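These notes are about the structure you will find just below.
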Amino acid sequence: MGPRAIFITDEICQVGGSGLSAPNDAAVYLVSLDGCAVLIDAGCGDADDMILANLEAAGSNPARIEALLLTHCHYDHAGGAVGLRRRLGCTVVAHALDAPFIESGDDVVSAADWYGASLAPCVVDRKLGGAREELTLGGRTISAIHIPGHSPGSVAYLVESQQRKVVFAQDVHGPLHPSLLSNATDYRHSLQRLLELDADILCEGHYGIFEGREAVAGFIRRFLD
């Protein structure tokens with residue numbers, strides 16, 4: 001299968017994940033706003049070449065990627081961060097509560113050992129803190145919203161594209177596990193916070209893309225019930 005991308009809006013597409021890059025990769029999304037671009041998550045690092053080829057298939061010059069926004073520290077989302085940072089020269093962004101596990105290459109908290117693999121340590125250039133931070137891309141805003149529970153520093157990214165609110169909340173489904181430092185109470189509060197965003201599109205890490213507010217809310221509520 002050759003390089004390809006799955007467009008969600010004219011500005012947003014999926015360029016990585018199972019079927020697009022490596023089988024163990026969580027979804028990797030490209031957001032292009034006003035001539036600037038970011039990637040959301042990096043996969044596990046086994047298919048960087050394919051992710052870059054998919055970027056080009058989407059009509060995006062890899063040199064335009066300004067930042068890699070990590071949703072959390074887990075291997076299938078952050079394992080490719082060091083390689084993409086090196087090849088793209090982009091800034092890596094993650095929450096301060098997950099950054100230590102990314103920077104140290106912690107194989108337990110990152111769940112790399114679940115895959116029989118190791119997390120390659122990666123510098124986190126910008127550490128997010130607090131409940132919400134605003135990031136600027138091409139004169140537009142991406143909101144980084146802290147949604148702890150699955151991991152201490154899980155983050156959802158919210159952006160408006162073509163009059164629709166798009167939320168990237170990669171592991172809405174969990175799982176929760178002591179080795180991941182998961183917290184069930186935080187998780188339920190975070191799911192409620194995601195519902196309150198009233199997003200039109202949800203881009204999840206493993207379950208795909210949900211379009212329409214009813215479909216988005218219905219998926220999130222599955223894990224509250």
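Following the order of the structure tokens, first chain is A, next is B, and so on, with residues numbered from 1 inside each chain and ligands from 1 in the order they appear.
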
**Message:** For the structure I just gave you, how does DSSP split range 9-156 of chain A - specifically, which residues are strand (DSSP E)? Reply as a PyMOL selection string.
**Reply:** chain A and resi 9+12-16+28-33+36-40+65-69+91-95+126-128+132-137+140-146+155-156

**Item:** Neighbour list for Ala42 in chain A as a list in words, cut-off 7 Å, only C-alpha atoms, skip fewer than 2 positions in-chain
**Value:**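 Everything that qualifies: Val28, Ile40, Cys44, His77, Ala78, Gly79, Gly80 and Ala81 of chain A.
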
Report as a Markdown table the residues of range 1-55 of chain A within 12 Å of range 115-124 of chain A, each with its shortest atom pair and distance in Å (one decimal), using only C-alpha atoms, ordered by chain and increasing residue number.
| residue | atom | partner | partner_atom | distance |
| --- | --- | --- | --- | --- |
| A:Pro23 | CA | A:Tyr115 | CA | 11.5 |
| A:Asn24 | CA | A:Tyr115 | CA | 8.4 |
| A:Asp25 | CA | A:Tyr115 | CA | 11.1 |
| A:Ala42 | CA | A:Cys122 | CA | 11.7 |
| A:Gly43 | CA | A:Leu119 | CA | 11.2 |
| A:Cys44 | CA | A:Leu119 | CA | 8.2 |
| A:Gly45 | CA | A:Ala120 | CA | 8.7 |
| A:Asp46 | CA | A:Ala117 | CA | 10.8 |

**Which of A:Thr91, A:Ser104, A:Thr71, A:Ser182 sits closest to Val155 in chain A [using only C-alpha atoms]** =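 Checking each candidate against Val155 in chain A, we get A:Thr71 as the closest.
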
**Request:** Would you return as a ChimeraX atom specification the members of range 21-105 of chain A that DSSP assigns to alpha helix (DSSP H) on this structure's backbone?
**Result:** /A:48-57,75-78,81-88,99-104

Range 135-170 of chain A residues near range 194-208 of chain A within 8 Å, closest pair each, using only C-alpha atoms, as a Markdown table:
| residue | atom | partner | partner_atom | distance |
| --- | --- | --- | --- | --- |
| A:Arg164 | CA | A:Asp200 | CA | 5.7 |
| A:Lys165 | CA | A:Ala199 | CA | 5.0 |
| A:Val166 | CA | A:Ile201 | CA | 4.7 |
| A:Val167 | CA | A:Leu202 | CA | 5.0 |
| A:Phe168 | CA | A:Cys203 | CA | 4.8 |
| A:Ala169 | CA | A:Glu204 | CA | 5.5 |
| A:Gln170 | CA | A:Gly205 | CA | 4.0 |

Take the selection from the previous step and output its residues with N, CA and C atoms, as a compact mmCIF listing (two decimals), in the first residue's frame.
# COMPACT_ATOMS: atom_id res chain seq x y z
N ARG A 164 -16.25 23.77 12.73
CA ARG A 164 -16.51 22.60 13.56
C ARG A 164 -15.42 22.48 14.62
N LYS A 165 -15.84 22.12 15.83
CA LYS A 165 -14.88 21.89 16.92
C LYS A 165 -14.37 20.46 16.83
N VAL A 166 -13.06 20.33 16.70
CA VAL A 166 -12.41 19.03 16.57
C VAL A 166 -11.56 18.79 17.81
N VAL A 167 -11.77 17.67 18.48
CA VAL A 167 -10.99 17.34 19.67
C VAL A 167 -10.18 16.07 19.41
N PHE A 168 -8.90 16.15 19.75
CA PHE A 168 -7.99 15.00 19.66
C PHE A 168 -7.81 14.49 21.08
N ALA A 169 -8.52 13.41 21.41
CA ALA A 169 -8.46 12.83 22.75
C ALA A 169 -8.14 11.35 22.54
N GLN A 170 -6.86 11.02 22.58
CA GLN A 170 -6.41 9.80 21.96
C GLN A 170 -6.80 8.51 22.66

**Request:** Work out how far CA of Leu97 in chain A is from CA of Pro152 in chain A, in Å to one decimal.
**Result:** 5.8 Å

**Asked** Could you state the separation of CA of Ala57 in chain A and CA of Ala5 in chain A in Å, given to one decimal place?
**Response** 6.5 Å
